[in-house]
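Here's the structure we're looking at; comments come further down.
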Amino acid sequence: MNDTKRVDPSQALRLAMQALGGRISIPLSLIRARLAEMSEKVSLRVEPVSPGLRIQGEAHALGAPIRFAARLDADGVHIEGEQRTIRIRLSEVELSTSEDAPGPLADAIRNGMIDTDNPATLIGNMISLPDMIVEAQGQDVVIDLMRVPAIQRDEMLRTAVAAATSYVCVKGIRVSDDAIELQLGLLPGGPKEAALSTARAVLTPAVRFLWPEGRGR
């Protein structure tokens with residue numbers, strides 16, 4: 001296994017101790033390291049613009065070199081029923097390309113035909129969005145964490161995540177001192193939601209055992 005994929009025990013202990021204090025701080029250096037692993041086709045740079053982030057990058061799209069930048073701000077996780085949604089706001093979007101770049105996208109950028117004031121709507125209209133993106137409108141993209149593929153396809157994991165986040169969840173997200181700070185809150189959906197999520201987590205294994213043929217119907 002690649003060493004870069006392993007969990008650093010000291011890092012995990014530090015995060016656990018922070019969580020006991022009601023917050024978790026994730027250094028942007030970790031985010032930059034992950035982005036570097038993914039940047040064979042897309043070059044990305046991340047800088048703090050408190051309380052959010054600014055992302056800049058370069059990529060090839062429709063045969064043209066495109067330079068882009070945007071500010072990202074996110075609120076906490078919103079709990080409603082079995083949904084765990086997070087709203088990400090895209091603003092201060094900039095797009096540019098070279099004067100001789102070919103293709104319709106490059107022409108649209110040069111002629112100012114792309115609505116950078118409503119990037120979420122633009123993204124939603126241009127591409128087929130994954131299931132975990134439940135809304136893309138104006139400047140806001142809403143992601144349901146329960147629809148992340150690794151969670152969505154595993155019923156046991158899904159109920160466990162739902163139960164855990166009904167007791168402790170991220171209530172605020174901000175960038176400070178070159179780190180992403182996650183502020184934690186207790187019973188974010190209220191006592192009733194915590195009780196329902198716990199009941200689902202307890203009953204799911206029994207249902208799977210007693211009625212395995214019922215799954216997927």
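To be explicit about the labels: the chains of the structure tokens are called A, B, and onward in the order shown, and within each one the residues are counted from 1, while ligands get numbers from 1 in the order they are shown.
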**Selection near segment 125-137 of chain A, 12 Å with only C-alpha atoms, sequence-local residues under 2 positions removed, as a PyMOL selection string** = chain A and resi 83-90+105+114-115+117-123+139-153
**Non-local contacts of segment 40-57 of chain A (8 Å; only C-alpha atoms; under 4 positions in same chain excluded) as a PyMOL selection string** = chain A and resi 28+32+35-36+67-74+174-179
**Prompt:** Could you name the residues that touch Gly63 of chain A at 10 Å or less, counting only C-alpha atoms, but leaving out those on the same chain fewer than 4 positions away, as a PyMOL selection string?
**Reply:** chain A and resi 59+101-106
**Request:** Write out as a ChimeraX atom specification all residues of segment 48-204 of chain A that backbone DSSP assigns to alpha helix (DSSP H).
**Result:** /A:104-110,119-126,149-152,155-167,191-204
Need the shell around segment 78-82 of chain A: protein/DNA/RNA residues with any atom at most 7 Å away, counting only C-alpha atoms. Skip same-chain ones fewer than 6 positions apart. Format as a PDB file with N, CA and C atoms, in the first residue's frame?
ATOM      1  N   ALA A 162     -25.574   8.113   9.716  1.00  0.00           N
ATOM      2  CA  ALA A 162     -26.763   8.886  10.077  1.00  0.00           C
ATOM      3  C   ALA A 162     -26.918   8.958  11.590  1.00  0.00           C
ATOM      4  N   PRO A 188     -27.549  18.062  16.507  1.00  0.00           N
ATOM      5  CA  PRO A 188     -27.835  19.102  15.518  1.00  0.00           C
ATOM      6  C   PRO A 188     -29.248  19.037  14.951  1.00  0.00           C
ATOM      7  N   GLY A 189     -29.848  17.850  14.917  1.00  0.00           N
ATOM      8  CA  GLY A 189     -31.215  17.719  14.413  1.00  0.00           C
ATOM      9  C   GLY A 189     -32.250  17.622  15.510  1.00  0.00           C
TER      10      GLY A 189
END
**Message:** As an exercise, work out the distance from atom CA of Val93 of chain A to atom CA of Lys171 of chain A in Å and give it to one decimal place.
**Reply:**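 Rounded to one decimal, the two atoms are 26.1 Å apart.
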**Message:** as a list in words, please: every residue in segment 105-180 of chain A that a backbone DSSP assignment puts in strand (DSSP E).
**Reply:**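 Answer for segment 105-180 of chain A restricted to strand (DSSP E) is Ile133, Val134, Glu135, Ala136, Gln137, Asp140, Val141, Val142, Ile143, Asp144, Val168, Cys169, Val170, Lys171, Gly172, Ile173, Arg174, Val175, Ser176, Ala179 and Ile180 of chain A.
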**Item:** Residue nearest His60 of chain A - candidates A:Leu203, A:Gly22, A:Ser96, A:Leu182, atoms counted: only C-alpha atoms
**Value:**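 Looking only at the distances to His60 of chain A, the closest residue turns out to be A:Ser96.
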**Asked** Could you name the residues that touch segment 193-202 of chain A at 12 Å or less, counting only C-alpha atoms, but leaving out those on the same chain fewer than 6 positions away, as a list of chain:residue names?
**Response**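 These residues fall inside the cut-off: A:Ile79, A:Glu80, A:Gly81, A:Glu82, A:Gln83, A:Arg84, A:Glu155, A:Met156, A:Leu157, A:Arg158, A:Thr159, A:Ala160, A:Val161, A:Ala162, A:Ala163, A:Ala164, A:Thr165, A:Ser166, A:Tyr167, A:Val168, A:Cys169, A:Leu186, A:Leu187, A:Arg208.
One finds atom CA of Arg23 of chain A at 6.8 Å from atom CA of Glu181 of chain A.
From atom CA of Gly185 of chain A back to atom CA of Gly172 of chain A, the distance works out to 8.6 Å.
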**Complete:** Using only C-alpha atoms, the residue out of A:Ala33, A:Val77, A:Met38, A:Ile26 with shortest distance to Ile180 of chain A is A:Ile26
